Amino acid sequence: MSSDRHVVVVGAGPGGLAAAARLRDRGGGRVAVTLIAPGLRATFLGGTLDVALGDQEPTAFSAPVDMAGVRCIDAAVSAVAPDGVALGDDRIAADAVIAAPGLVVDANSMPSWSRVVAAWDPYGARRLRERALGLRAGRVLVAITAVPYRCPPAPLALAVGLAGRHLEARHAVRVTVATPEAVPLAGVGGEAPAFVSDACAAAGVTLERGFVPDLQASADGVLRATDGREIPYDGAFLVPAHRRAACLEGLPGTGPLVAVGERGSVDGSPLYVVGDAAGTGLPRAAGFASGAAVAAADGALESLGIAPAPPPPALEASCFMFHHGRAISRIGVRYTGDGPSVRIDGPSRDLWPARTGELRRFLEAAGAPGSGVTAAG
């Protein structure tokens, strides 16, 4: 590479794609950008809902990564450092590293129960719909087994969506959603907690708050909480605990989250961690990951003497709820220096193009020419 400096980006999610694009676009040809991700595929995790509800297939939410002006490597990074990354026995040196590998779903921590699907991605959702939508009577359970987890409103949106599908089909199916949080979406704030609670009630979904699963005391067909509560089910979708990616092991912080400072820097070094694995206190959502990645890329360019860093952008994210009648609502959150502001739009069928647009932009950021997905509404 003939460029003056070299920056490695780890991960092909919203954070990794945004960081690589920002480095390329503002680098002025003076920085070589390498993006590394296993499989070199970008997956829109929001598609989990569409697949679980039978509206799309998982392939509609995935695209190969082929970014113009960025060297893309199909590999798993085993360790990150301010001066480069390790790929097993190999190493790639760098002047700065932006790590956005996301959080890893710890499916191995879940018991192998016949009535349970333990996953949190579009491919796991395909297994869920075969069980949840195939029921004609009984109880479906959506349960969050631990916090933090990706996309806070999504399990509640999934439960509301499943209830709507069974209502349309005139099935005698009851849906329950359980969360360890005493107040769902308390971290989002504003009207969001009341809105999702009301959406569950309107859809006939039972919402179990403060439900911390005790997997050792549970069995196939009944989920027990540490406080003794029990939820029987005929089919369940459990969101497993999330852990750090292997490449982030040993970095400061507690649990799955890495302690970061300004612009995601680790201990003030040119190693930045952004996205779901960064301990910022923000909910784990794609928009926040992208905004933090842009700020990290600007910080890296300034530290390398390539371009001054503008003020970090306001962090914004949108999450969607599915409702009866194929309507959807949007929970928009914006963080500035004055704190968060929450805006709720809908429910309305008119919001489908906005959601489809988010998917299309994500896939195009990976280098895909466009998405064949159309608005499900």
# chains A, B, ... in the order shown; residues from 1 in each chain; ligands from 1
$ residues_around --residues "A:Ala295" --least-positions-apart "6" --cutoff "8 Å" --atoms "only C-alpha atoms" --output "list in words"
Arg263, Pro311, Pro312 and Pro313 of chain A
$ select_by_dssp --residues "stretch 117-252 of chain A" --states "strand (DSSP E or B)" --output "ChimeraX atom specification"
/A:117-118,137-144,172-178,206-208,213,219,222-225,230-232,235-239,242-243
$ select_by_dssp --residues "stretch 68-216 of chain A" --states "alpha helix (DSSP H)" --output "PyMOL selection string"
chain A and resi 122-132+154-168+192-202
$ residues_around --residues "stretch 242-257 of chain A" --least-positions-apart "5" --cutoff "8 Å" --atoms "only C-alpha atoms" --output "PDB file with C-alpha atoms, in the first residue's frame"
ATOM      1  CA  VAL A  77      -9.416 -11.426  13.953  1.00  0.00           C
ATOM      2  CA  SER A  78      -8.152 -13.100  17.118  1.00  0.00           C
ATOM      3  CA  ALA A  79      -6.776  -9.996  18.875  1.00  0.00           C
ATOM      4  CA  VAL A  80      -6.673  -6.228  18.438  1.00  0.00           C
ATOM      5  CA  PRO A 101     -17.113  -6.756  15.898  1.00  0.00           C
ATOM      6  CA  GLY A 102     -20.398  -6.420  17.786  1.00  0.00           C
ATOM      7  CA  LEU A 103     -21.467  -8.685  20.593  1.00  0.00           C
ATOM      8  CA  VAL A 104     -21.509 -12.445  20.186  1.00  0.00           C
ATOM      9  CA  VAL A 105     -24.631 -14.445  20.954  1.00  0.00           C
ATOM     10  CA  ASP A 106     -23.628 -17.142  23.432  1.00  0.00           C
ATOM     11  CA  ALA A 146     -29.769 -11.520  30.043  1.00  0.00           C
ATOM     12  CA  VAL A 147     -28.804  -7.899  29.518  1.00  0.00           C
ATOM     13  CA  PRO A 148     -27.259  -6.232  27.612  1.00  0.00           C
ATOM     14  CA  TYR A 149     -28.579  -7.460  24.283  1.00  0.00           C
ATOM     15  CA  VAL A 266      -9.287   2.542  24.605  1.00  0.00           C
ATOM     16  CA  ASP A 276     -22.517  -2.932  20.570  1.00  0.00           C
ATOM     17  CA  ALA A 277     -19.372  -3.917  22.483  1.00  0.00           C
ATOM     18  CA  ALA A 278     -18.499  -0.371  23.603  1.00  0.00           C
ATOM     19  CA  GLY A 279     -19.444   0.576  27.157  1.00  0.00           C
TER      20      GLY A 279
END
$ closest_residue --among "A:Val274, A:Leu141, A:Leu238, A:Ala169" --to "A:Met110" --atoms "only C-alpha atoms"
A:Leu238
